[in-house]
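The file model-v9.cif contains mmCIF, C-alpha atoms:
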data_entry
#
loop_
_atom_site.label_atom_id
_atom_site.label_comp_id
_atom_site.auth_asym_id
_atom_site.auth_seq_id
_atom_site.Cartn_x
_atom_site.Cartn_y
_atom_site.Cartn_z
CA MET A 190 115.84 106.08 125.33
CA SER A 191 113.91 105.46 128.54
CA TYR A 192 112.44 101.98 128.21
CA ASN A 193 109.65 102.75 130.67
CA SER A 194 108.49 105.64 128.50
CA PHE A 195 105.15 105.88 126.69
CA ALA A 196 106.93 105.38 123.35
CA TYR A 197 108.20 101.95 124.36
CA HIS A 198 104.69 100.77 125.30
CA TYR A 199 102.84 102.62 122.57
CA ASP A 200 102.31 99.65 120.25
CA LYS A 201 100.83 97.51 123.02
CA MET A 202 98.51 100.30 124.10
CA MET A 203 97.40 100.95 120.51
CA ALA A 204 97.05 97.30 119.51
CA ASP A 205 93.32 97.63 118.81
CA VAL A 206 93.70 100.54 116.37
CA ASP A 207 92.63 99.64 112.83
CA TYR A 208 95.09 101.41 110.52
CA SER A 209 93.34 100.22 107.37
CA TRP A 210 91.27 103.42 107.19
CA TRP A 211 94.33 105.54 106.46
CA ILE A 212 96.03 102.93 104.27
CA GLN A 213 92.96 102.48 102.08
CA THR A 214 92.57 106.23 101.73
CA ILE A 215 96.14 106.56 100.46
CA LYS A 216 95.59 103.70 98.02
CA ASN A 217 92.41 105.35 96.73
CA TYR A 218 94.14 108.61 95.91
CA LEU A 219 97.80 107.78 95.20
CA THR A 220 99.48 105.39 92.81
CA LYS A 221 102.27 103.10 93.99
CA GLY A 222 105.70 104.67 94.12
CA CYS A 223 104.49 108.07 95.34
CA ARG A 224 106.43 109.81 98.10
CA VAL A 225 104.58 110.06 101.41
CA LEU A 226 105.61 112.06 104.49
CA ASP A 227 104.08 110.48 107.59
CA VAL A 228 103.89 113.38 110.08
CA GLY A 229 103.56 112.29 113.70
CA CYS A 230 104.72 108.84 112.60
CA GLY A 231 105.21 107.55 116.14
CA THR A 232 106.73 104.07 116.19
CA GLY A 233 106.37 103.66 112.44
CA THR A 234 103.36 101.35 112.15
CA LEU A 235 101.92 103.23 109.17
CA ILE A 236 105.35 103.70 107.61
CA PHE A 237 105.85 99.95 107.31
CA ALA A 238 102.27 99.32 106.21
CA LEU A 239 102.58 101.89 103.40
CA ILE A 240 106.00 100.61 102.33
CA ASP A 241 104.52 97.11 102.15
CA VAL A 242 101.89 98.29 99.64
CA GLY A 243 104.37 100.11 97.42
CA TYR A 244 104.95 103.66 98.65
CA GLU A 245 108.17 105.52 99.41
CA VAL A 246 107.72 106.80 102.97
CA THR A 247 109.57 109.21 105.24
CA GLY A 248 108.59 109.52 108.90
CA LEU A 249 108.60 112.70 110.99
CA ASP A 250 107.95 113.02 114.70
CA LEU A 251 108.69 115.39 117.58
CA SER A 252 109.47 112.50 119.95
CA GLU A 253 112.99 111.12 119.74
CA ASP A 254 111.90 108.06 121.70
CA MET A 255 109.20 107.26 119.14
CA LEU A 256 111.76 107.51 116.34
CA VAL A 257 114.18 105.24 118.19
CA VAL A 258 111.47 102.59 118.47
CA ALA A 259 110.60 103.00 114.78
CA ASN A 260 114.24 102.56 113.84
CA GLU A 261 114.56 99.45 116.02
CA LYS A 262 111.50 97.97 114.30
CA ALA A 263 113.11 98.68 110.93
CA LYS A 264 116.23 96.80 112.00
CA THR A 265 114.15 93.73 112.84
CA ARG A 266 112.90 93.89 109.24
CA ASN A 267 116.46 94.21 107.91
CA MET A 268 115.64 97.56 106.35
CA THR A 269 116.41 101.24 106.80
CA ILE A 270 113.83 104.01 106.83
CA ASP A 271 114.09 107.78 106.51
CA LEU A 272 113.19 109.47 109.79
CA ILE A 273 113.14 113.18 110.64
CA HIS A 274 113.13 114.58 114.18
CA ARG A 275 111.06 117.75 113.85
CA ASP A 276 107.95 119.61 114.96
CA MET A 277 105.03 119.35 112.52
CA ARG A 278 104.77 123.14 112.60
CA GLU A 279 108.21 123.34 110.98
CA LEU A 280 107.81 121.60 107.62
CA ASP A 281 109.34 124.45 105.63
CA GLY A 282 112.43 123.29 103.76
CA LEU A 283 111.04 119.83 103.09
CA THR A 284 110.08 119.29 99.44
CA ASP A 285 109.02 116.85 96.74
CA PHE A 286 106.32 114.88 98.56
CA ASP A 287 103.21 113.65 96.77
CA CYS A 288 101.28 113.24 100.02
CA ILE A 289 101.56 114.42 103.60
CA LEU A 290 99.74 112.17 106.07
CA ILE A 291 98.94 113.28 109.64
CA ALA A 292 97.18 110.26 111.07
CA VAL A 293 95.74 108.92 114.33
CA ASP A 294 94.65 112.39 115.58
CA SER A 295 98.25 113.66 115.66
CA LEU A 296 97.05 117.09 114.51
CA ASN A 297 95.02 117.37 117.71
CA TYR A 298 98.26 117.75 119.68
CA LEU A 299 98.51 121.35 118.41
CA GLU A 300 97.32 123.87 120.99
CA THR A 301 96.41 126.99 119.03
CA GLU A 302 94.80 128.16 115.81
CA VAL A 303 98.17 129.52 114.69
CA ASP A 304 99.80 126.11 115.24
CA VAL A 305 97.32 124.47 112.86
CA GLN A 306 97.72 127.23 110.27
CA LEU A 307 101.52 126.91 110.40
CA THR A 308 101.23 123.17 109.85
CA PHE A 309 98.94 123.62 106.84
CA THR A 310 101.15 126.26 105.20
CA GLY A 311 104.25 124.15 105.84
CA ALA A 312 102.54 121.13 104.31
CA TYR A 313 101.61 123.18 101.26
CA SER A 314 105.26 124.16 100.67
CA ALA A 315 106.48 120.58 101.12
CA LEU A 316 104.06 119.09 98.58
CA ASN A 317 104.50 118.67 94.85
CA GLU A 318 102.00 120.26 92.49
CA ALA A 319 98.53 118.78 93.17
CA GLY A 320 99.94 116.95 96.20
CA LEU A 321 97.58 115.70 98.90
CA LEU A 322 97.30 116.55 102.58
CA ILE A 323 95.42 113.82 104.45
CA PHE A 324 94.67 114.05 108.16
CA ASP A 325 92.10 113.04 110.74
CA VAL A 326 90.92 114.89 113.84
CA HIS A 327 88.70 114.34 116.84
CA THR A 328 85.28 115.97 116.50
CA PRO A 329 83.83 118.43 119.03
CA HIS A 330 81.36 115.68 119.95
CA LYS A 331 84.19 113.38 120.96
CA MET A 332 85.86 116.05 123.08
CA VAL A 333 82.65 117.07 124.86
CA GLU A 334 80.73 113.79 125.06
CA THR A 335 82.90 110.70 124.46
CA PHE A 336 85.84 111.95 126.53
CA GLN A 337 83.71 113.29 129.39
CA ASP A 338 84.64 111.60 132.70
CA TYR A 339 86.65 109.01 130.74
CA LEU A 340 88.49 106.35 132.72
CA TYR A 341 89.97 103.17 131.25
CA VAL A 342 92.10 100.51 132.96
CA GLU A 343 94.05 97.79 131.15
CA ASN A 344 95.67 95.03 133.18
CA ALA A 345 98.09 92.54 131.60
CA ASP A 346 100.92 90.37 132.93
CA ASP A 347 103.69 92.79 131.97
CA LEU A 348 101.84 96.08 131.58
CA THR A 349 99.06 97.83 133.44
CA TYR A 350 97.91 101.34 132.66
CA ILE A 351 95.23 103.75 133.79
CA TRP A 352 94.00 106.24 131.21
CA HIS A 353 92.07 109.20 132.60
CA ILE A 354 90.85 112.19 130.59
CA GLU A 355 90.03 115.63 131.98
CA GLU A 356 88.80 118.84 130.37
CA GLY A 357 91.64 121.07 129.11
CA LYS A 358 92.27 124.78 129.50
CA TYR A 359 91.08 125.68 125.98
CA PRO A 360 87.65 125.18 124.43
CA LEU A 361 87.29 121.67 122.92
CA SER A 362 90.49 120.46 124.59
CA VAL A 363 91.38 117.62 126.95
CA VAL A 364 94.33 116.32 128.94
CA HIS A 365 95.07 112.59 128.85
CA GLU A 366 96.74 111.33 132.04
CA LEU A 367 98.41 107.97 131.53
CA THR A 368 99.69 106.11 134.57
CA ILE A 369 101.80 103.18 133.41
CA PHE A 370 103.03 100.24 135.50
CA ALA A 371 105.56 98.28 133.43
CA LYS A 372 107.21 95.06 134.57
CA ASN A 373 111.01 95.08 134.33
CA GLU A 374 113.51 92.23 134.04
CA ALA A 375 113.73 91.93 137.83
CA GLY A 376 110.02 91.24 138.02
CA SER A 377 109.08 94.49 139.74
CA TYR A 378 106.96 97.26 138.25
CA LEU A 379 108.09 100.75 137.29
CA ARG A 380 105.50 103.51 137.50
CA THR A 381 105.50 106.46 135.12
CA VAL A 382 102.92 109.18 134.54
CA GLU A 383 102.51 111.04 131.25
CA HIS A 384 100.22 113.91 130.30
CA HIS A 385 99.12 114.47 126.70
CA PHE A 386 97.20 117.57 125.64
CA GLN A 387 94.79 117.49 122.70
CA ARG A 388 92.52 120.11 121.18
CA THR A 389 90.16 120.21 118.24
CA PHE A 390 88.21 122.87 116.36
CA GLU A 391 84.96 122.98 114.44
CA MET A 392 85.21 121.08 111.15
CA VAL A 393 84.29 124.19 109.14
CA GLN A 394 87.27 125.95 110.70
CA TYR A 395 89.65 123.28 109.43
CA GLU A 396 88.11 123.71 105.97
CA ALA A 397 88.63 127.48 106.09
CA TRP A 398 92.26 127.13 107.16
CA LEU A 399 92.94 124.64 104.38
CA VAL A 400 91.57 127.04 101.77
CA GLN A 401 93.60 129.92 103.25
CA ALA A 402 96.76 127.80 102.98
CA GLY A 403 96.10 127.09 99.28
CA PHE A 404 94.28 123.75 99.36
CA GLU A 405 90.98 122.62 97.95
CA VAL A 406 89.03 120.18 100.09
CA VAL A 407 88.50 116.99 98.09
CA ALA A 408 86.59 114.96 100.66
CA ILE A 409 85.61 114.77 104.33
CA THR A 410 84.49 111.48 105.80
CA GLY A 411 84.19 109.75 109.16
CA ASP A 412 81.73 109.54 112.02
CA GLU A 413 80.59 111.55 115.03
CA ASP A 414 83.91 110.97 116.83
CA ARG A 415 86.51 111.31 114.05
CA GLN A 416 86.67 113.08 110.70
CA LEU A 417 89.14 112.42 107.87
CA PHE A 418 90.09 115.28 105.53
CA ILE A 419 91.57 114.89 102.04
CA ALA A 420 92.83 118.19 100.57
CA ARG A 421 94.73 118.91 97.34
CA LYS A 422 97.33 121.60 96.76
CA VAL A 423 96.21 124.12 94.15
CA GLY A 424 97.67 127.24 92.60
#
How does this structure look as structure tokens?
Amino acid sequence: MSYNSFAYHYDKMMADVDYSWWIQTIKNYLTKGCRVLDVGCGTGTLIFALIDVGYEVTGLDLSEDMLVVANEKAKTRNMTIDLIHRDMRELDGLTDFDCILIAVDSLNYLETEVDVQLTFTGAYSALNEAGLLIFDVHTPHKMVETFQDYLYVENADDLTYIWHIEEGKYPLSVVHELTIFAKNEAGSYLRTVEHHFQRTFEMVQYEAWLVQAGFEVVAITGDEDRQLFIARKVG
């Protein structure tokens, strides 16, 4: 693992994220002991939070570095966790989950309509009867208005980063450019630059794709920047 990578600094950069929204949603719809697949689990923050409140959780992420960090965090807790290195579009073959969670706008990393549809159909096959798919996405308003000309700078003793957002190549898409200056053991700073693509679609389109994949939409909640979907497997 590259210790100047985004994965290594992810928790510091996301320290202000309130994960209680997703945790409370799971608690509202699932009893303790249910099996949850955390897709796009990153460094495992939600995995540990859900385990702490009584769920059996498996993490899945495309980034090996993220999974390494999650595993290191598990070791500090003297525990082992189930982690899968896989693309969210390739959930076929996974089975017996009561809930699939795709949190913190992870679904927005998919570029095309087909990518989202593949993820929904794969989630359907991986869920038990009446299992839940829970995910959140950026709204078109956030892509067009909130992210327009976005520039944020964070300066700390050991980490400085510049977060700039530009319009992407697809409708309702953006590119996040993260320039990270991380202090190493020698006291100097290492500079890395990462680009992260995100795209969203109209909320009614997500609803239509869910129904096509075999889900019924149970609830949609959120605000003008983020919407949370709860869908149940039917049929």
Note to self: Which residues would end up in the selection if the PyMOL selection byres ((chain A and resi 274) around 8) were applied here, given that I need the answer as a ChimeraX atom specification?
What the structure shows: /A:249-253,256,272-273,275-276
Return as lines of an AutoDock Vina configuration file the centre and edge lengths, in Å with one decimal, of the box along x, y and z that encloses every atom of range 370-375 of chain A in the file, padded by 3 Å per side.
center_x = 108.4
center_y = 96.1
center_z = 135.6
size_x = 16.7
size_y = 14.3
size_z = 10.4
Next item on the list: Check what the PyMOL selection byres ((chain A and resi 339) around 9) selects in the file above and give those residues as a list in words.
Entry: Thr335, Phe336, Gln337, Asp338, Leu340, Tyr341, Trp352, His353, Ile354 and Glu355 of chain A
Determine, for each residue of range 324-385 of chain A having at least one atom at most 9 Å from an atom of range 287-293 of chain A, the closest pair of atoms and their separation in Å to one decimal, counting all atoms listed in the file; order by chain and ascending number, as a tab-separated table.
residue	atom	partner	partner_atom	distance
A:Phe324	CA	A:Ile291	CA	4.6
A:Asp325	CA	A:Ala292	CA	5.8
A:Val326	CA	A:Val293	CA	7.7
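Every residue that the PyMOL selection byres ((chain A and resi 269) around 12) selects in this file is listed here: Gly233, Ile236, Phe237, Ile240, Glu245, Val246, Thr247, Gly248, Ala259, Asn260, Glu261, Lys262, Ala263, Lys264, Thr265, Arg266, Asn267, Met268, Ile270, Asp271 and Leu272 of chain A.
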Only C-alpha atoms, please: the residues just picked out, written as an mmCIF file, keeping the file's coordinate frame.
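The resulting out_8.cif:
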data_model
loop_
_atom_site.group_PDB
_atom_site.id
_atom_site.type_symbol
_atom_site.label_atom_id
_atom_site.label_comp_id
_atom_site.auth_asym_id
_atom_site.auth_seq_id
_atom_site.Cartn_x
_atom_site.Cartn_y
_atom_site.Cartn_z
ATOM 1 C CA GLY A 233 106.370 103.660 112.440
ATOM 2 C CA ILE A 236 105.350 103.700 107.610
ATOM 3 C CA PHE A 237 105.850 99.950 107.310
ATOM 4 C CA ILE A 240 106.000 100.610 102.330
ATOM 5 C CA GLU A 245 108.170 105.520 99.410
ATOM 6 C CA VAL A 246 107.720 106.800 102.970
ATOM 7 C CA THR A 247 109.570 109.210 105.240
ATOM 8 C CA GLY A 248 108.590 109.520 108.900
ATOM 9 C CA ALA A 259 110.600 103.000 114.780
ATOM 10 C CA ASN A 260 114.240 102.560 113.840
ATOM 11 C CA GLU A 261 114.560 99.450 116.020
ATOM 12 C CA LYS A 262 111.500 97.970 114.300
ATOM 13 C CA ALA A 263 113.110 98.680 110.930
ATOM 14 C CA LYS A 264 116.230 96.800 112.000
ATOM 15 C CA THR A 265 114.150 93.730 112.840
ATOM 16 C CA ARG A 266 112.900 93.890 109.240
ATOM 17 C CA ASN A 267 116.460 94.210 107.910
ATOM 18 C CA MET A 268 115.640 97.560 106.350
ATOM 19 C CA ILE A 270 113.830 104.010 106.830
ATOM 20 C CA ASP A 271 114.090 107.780 106.510
ATOM 21 C CA LEU A 272 113.190 109.470 109.790
#
Check: What is the CA of Thr284 in chain A-CA of Leu296 in chain A distance in Å, reported with one decimal?
Finding: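 CA of Thr284 in chain A sits 20.0 Å away from CA of Leu296 in chain A.
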Notebook entry, point to check: Between A:Lys221, A:Lys201, A:Arg421, A:Lys358, which has the minimum distance to Val400 in chain A (counting only C-alpha atoms)?
Noted result: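 Between A:Lys221, A:Lys201, A:Arg421, A:Lys358, the residue approaching Val400 in chain A most closely is A:Arg421.
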Next item on the list: Can you pull out every residue within 8 Å of Ile351 in chain A, counting only C-alpha atoms, but drop anything in the same chain fewer than 3 positions away, and send it as a ChimeraX atom specification?
Entry: /A:340-343,366-369
Checklist line | Pick from A:Ser314, A:Ser194, A:Asn297, A:Thr214 nearest to Asp281 in chain A, counting only C-alpha atoms | finding: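 Ranked by minimum distance to Asp281 in chain A, first place goes to A:Ser314.
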Notebook entry, point to check: Distance CA of Asp241 in chain A-CA of Ala319 in chain A, one decimal place?
Noted result: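 We find that CA of Asp241 in chain A and CA of Ala319 in chain A lie 24.2 Å from each other.
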Per residue of range 197-302 of chain A within 7 Å of range 372-392 of chain A, record the nearest atom pair and its distance in Å to one decimal, counting all atoms listed in the file, with rows in chain order and ascending residue number, as a Markdown table.
| residue | atom | partner | partner_atom | distance |
| --- | --- | --- | --- | --- |
| A:Asn297 | CA | A:Gln387 | CA | 5.0 |
| A:Tyr298 | CA | A:Gln387 | CA | 4.6 |
| A:Leu299 | CA | A:Arg388 | CA | 6.7 |
| A:Glu300 | CA | A:Arg388 | CA | 6.1 |
Notebook entry, point to check: In Å, how far is it from CA of His198 in chain A to CA of Leu239 in chain A?
Noted result: 22.0 Å
Note to self: Counting all atoms listed in the file, which residue out of A:Asn317, A:Ser295, A:Gln394, A:Gln306 sits closest to Leu283 in chain A?
What the structure shows: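 Of A:Asn317, A:Ser295, A:Gln394, A:Gln306, the one nearest Leu283 in chain A is A:Asn317, counting all atoms listed in the file.
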Check: Which one of A:Val393, A:Leu361, A:Leu417, A:Val305 sits closest to Glu334 in chain A if you count all atoms listed in the file?
Finding: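 Closest candidate: A:Leu361.
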Checklist line | Met202 in chain A environment, 10 Å, all atoms listed in the file, sequence neighbours closer than 6 positions dropped, as a ChimeraX atom specification | finding: /A:195-196,343,348-350
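Among the candidates A:Thr308, A:Asn344, A:Gln416, A:Thr410, the one nearest to Val228 in chain A when counting all atoms listed in the file is A:Thr308.
Of the listed residues A:Ile419, A:Asp294, A:Phe286, A:Tyr208, the one whose atoms come nearest to Gly229 in chain A is A:Asp294, with distances taken using all atoms listed in the file.
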Please output range 311-343 of chain A, rebuilt to include N, CA and C atoms, as a PDB file, in the frame of the given file.
ATOM      1  N   GLY A 311     103.020 124.929 106.011  1.00  0.00           N
ATOM      2  CA  GLY A 311     104.250 124.150 105.840  1.00  0.00           C
ATOM      3  C   GLY A 311     104.022 122.938 104.969  1.00  0.00           C
ATOM      4  N   ALA A 312     102.881 122.285 105.147  1.00  0.00           N
ATOM      5  CA  ALA A 312     102.540 121.130 104.310  1.00  0.00           C
ATOM      6  C   ALA A 312     102.396 121.546 102.855  1.00  0.00           C
ATOM      7  N   TYR A 313     101.778 122.686 102.629  1.00  0.00           N
ATOM      8  CA  TYR A 313     101.610 123.180 101.260  1.00  0.00           C
ATOM      9  C   TYR A 313     102.967 123.343 100.580  1.00  0.00           C
ATOM     10  N   SER A 314     103.937 123.925 101.269  1.00  0.00           N
ATOM     11  CA  SER A 314     105.260 124.160 100.670  1.00  0.00           C
ATOM     12  C   SER A 314     106.032 122.880 100.447  1.00  0.00           C
ATOM     13  N   ALA A 315     105.738 121.841 101.233  1.00  0.00           N
ATOM     14  CA  ALA A 315     106.480 120.580 101.120  1.00  0.00           C
ATOM     15  C   ALA A 315     105.916 119.649 100.050  1.00  0.00           C
ATOM     16  N   LEU A 316     104.726 119.968  99.545  1.00  0.00           N
ATOM     17  CA  LEU A 316     104.060 119.090  98.580  1.00  0.00           C
ATOM     18  C   LEU A 316     104.380 119.460  97.141  1.00  0.00           C
ATOM     19  N   ASN A 317     104.407 118.449  96.291  1.00  0.00           N
ATOM     20  CA  ASN A 317     104.500 118.670  94.850  1.00  0.00           C
ATOM     21  C   ASN A 317     103.194 119.290  94.346  1.00  0.00           C
ATOM     22  N   GLU A 318     103.205 119.724  93.108  1.00  0.00           N
ATOM     23  CA  GLU A 318     102.000 120.260  92.490  1.00  0.00           C
ATOM     24  C   GLU A 318     100.877 119.214  92.556  1.00  0.00           C
ATOM     25  N   ALA A 319      99.705 119.645  93.008  1.00  0.00           N
ATOM     26  CA  ALA A 319      98.530 118.780  93.170  1.00  0.00           C
ATOM     27  C   ALA A 319      98.736 117.704  94.233  1.00  0.00           C
ATOM     28  N   GLY A 320      99.716 117.908  95.119  1.00  0.00           N
ATOM     29  CA  GLY A 320      99.940 116.950  96.200  1.00  0.00           C
ATOM     30  C   GLY A 320      98.798 116.960  97.205  1.00  0.00           C
ATOM     31  N   LEU A 321      98.695 115.881  97.975  1.00  0.00           N
ATOM     32  CA  LEU A 321      97.580 115.700  98.900  1.00  0.00           C
ATOM     33  C   LEU A 321      98.011 115.856 100.362  1.00  0.00           C
ATOM     34  N   LEU A 322      97.174 116.526 101.130  1.00  0.00           N
ATOM     35  CA  LEU A 322      97.300 116.550 102.580  1.00  0.00           C
ATOM     36  C   LEU A 322      96.126 115.748 103.137  1.00  0.00           C
ATOM     37  N   ILE A 323      96.440 114.693 103.880  1.00  0.00           N
ATOM     38  CA  ILE A 323      95.420 113.820 104.450  1.00  0.00           C
ATOM     39  C   ILE A 323      95.616 113.769 105.966  1.00  0.00           C
ATOM     40  N   PHE A 324      94.567 114.086 106.697  1.00  0.00           N
ATOM     41  CA  PHE A 324      94.670 114.050 108.160  1.00  0.00           C
ATOM     42  C   PHE A 324      93.307 113.740 108.769  1.00  0.00           C
ATOM     43  N   ASP A 325      93.337 113.259 110.008  1.00  0.00           N
ATOM     44  CA  ASP A 325      92.100 113.040 110.740  1.00  0.00           C
ATOM     45  C   ASP A 325      92.168 113.791 112.062  1.00  0.00           C
ATOM     46  N   VAL A 326      91.002 114.155 112.575  1.00  0.00           N
ATOM     47  CA  VAL A 326      90.920 114.890 113.840  1.00  0.00           C
ATOM     48  C   VAL A 326      89.731 114.385 114.656  1.00  0.00           C
ATOM     49  N   HIS A 327      89.843 114.565 115.971  1.00  0.00           N
ATOM     50  CA  HIS A 327      88.700 114.340 116.840  1.00  0.00           C
ATOM     51  C   HIS A 327      87.632 115.395 116.532  1.00  0.00           C
ATOM     52  N   THR A 328      86.373 115.024 116.666  1.00  0.00           N
ATOM     53  CA  THR A 328      85.280 115.970 116.500  1.00  0.00           C
ATOM     54  C   THR A 328      84.979 116.664 117.829  1.00  0.00           C
ATOM     55  N   PRO A 329      84.288 117.812 117.782  1.00  0.00           N
ATOM     56  CA  PRO A 329      83.830 118.430 119.030  1.00  0.00           C
ATOM     57  C   PRO A 329      82.984 117.472 119.865  1.00  0.00           C
ATOM     58  N   HIS A 330      82.176 116.655 119.216  1.00  0.00           N
ATOM     59  CA  HIS A 330      81.360 115.680 119.950  1.00  0.00           C
ATOM     60  C   HIS A 330      82.229 114.752 120.790  1.00  0.00           C
ATOM     61  N   LYS A 331      83.325 114.297 120.225  1.00  0.00           N
ATOM     62  CA  LYS A 331      84.190 113.380 120.960  1.00  0.00           C
ATOM     63  C   LYS A 331      84.812 114.078 122.168  1.00  0.00           C
ATOM     64  N   MET A 332      85.243 115.315 121.979  1.00  0.00           N
ATOM     65  CA  MET A 332      85.860 116.050 123.080  1.00  0.00           C
ATOM     66  C   MET A 332      84.863 116.295 124.217  1.00  0.00           C
ATOM     67  N   VAL A 333      83.646 116.657 123.857  1.00  0.00           N
ATOM     68  CA  VAL A 333      82.650 117.070 124.860  1.00  0.00           C
ATOM     69  C   VAL A 333      81.900 115.875 125.447  1.00  0.00           C
ATOM     70  N   GLU A 334      81.578 114.894 124.615  1.00  0.00           N
ATOM     71  CA  GLU A 334      80.730 113.790 125.060  1.00  0.00           C
ATOM     72  C   GLU A 334      81.511 112.501 125.335  1.00  0.00           C
ATOM     73  N   THR A 335      82.219 111.991 124.315  1.00  0.00           N
ATOM     74  CA  THR A 335      82.900 110.700 124.460  1.00  0.00           C
ATOM     75  C   THR A 335      83.983 110.740 125.523  1.00  0.00           C
ATOM     76  N   PHE A 336      84.730 111.846 125.580  1.00  0.00           N
ATOM     77  CA  PHE A 336      85.840 111.950 126.530  1.00  0.00           C
ATOM     78  C   PHE A 336      85.414 112.431 127.908  1.00  0.00           C
ATOM     79  N   GLN A 337      84.156 112.771 128.098  1.00  0.00           N
ATOM     80  CA  GLN A 337      83.710 113.290 129.390  1.00  0.00           C
ATOM     81  C   GLN A 337      83.793 112.216 130.465  1.00  0.00           C
ATOM     82  N   ASP A 338      84.493 112.535 131.560  1.00  0.00           N
ATOM     83  CA  ASP A 338      84.640 111.600 132.700  1.00  0.00           C
ATOM     84  C   ASP A 338      85.169 110.243 132.245  1.00  0.00           C
ATOM     85  N   TYR A 339      86.135 110.255 131.325  1.00  0.00           N
ATOM     86  CA  TYR A 339      86.650 109.010 130.740  1.00  0.00           C
ATOM     87  C   TYR A 339      87.694 108.387 131.658  1.00  0.00           C
ATOM     88  N   LEU A 340      87.516 107.104 131.941  1.00  0.00           N
ATOM     89  CA  LEU A 340      88.490 106.350 132.720  1.00  0.00           C
ATOM     90  C   LEU A 340      88.559 104.939 132.167  1.00  0.00           C
ATOM     91  N   TYR A 341      89.783 104.511 131.811  1.00  0.00           N
ATOM     92  CA  TYR A 341      89.970 103.170 131.250  1.00  0.00           C
ATOM     93  C   TYR A 341      91.167 102.525 131.942  1.00  0.00           C
ATOM     94  N   VAL A 342      91.015 101.249 132.309  1.00  0.00           N
ATOM     95  CA  VAL A 342      92.100 100.510 132.960  1.00  0.00           C
ATOM     96  C   VAL A 342      92.360  99.235 132.165  1.00  0.00           C
ATOM     97  N   GLU A 343      93.627  99.007 131.842  1.00  0.00           N
ATOM     98  CA  GLU A 343      94.050  97.790 131.150  1.00  0.00           C
ATOM     99  C   GLU A 343      95.051  97.070 132.053  1.00  0.00           C
TER     100      GLU A 343
END
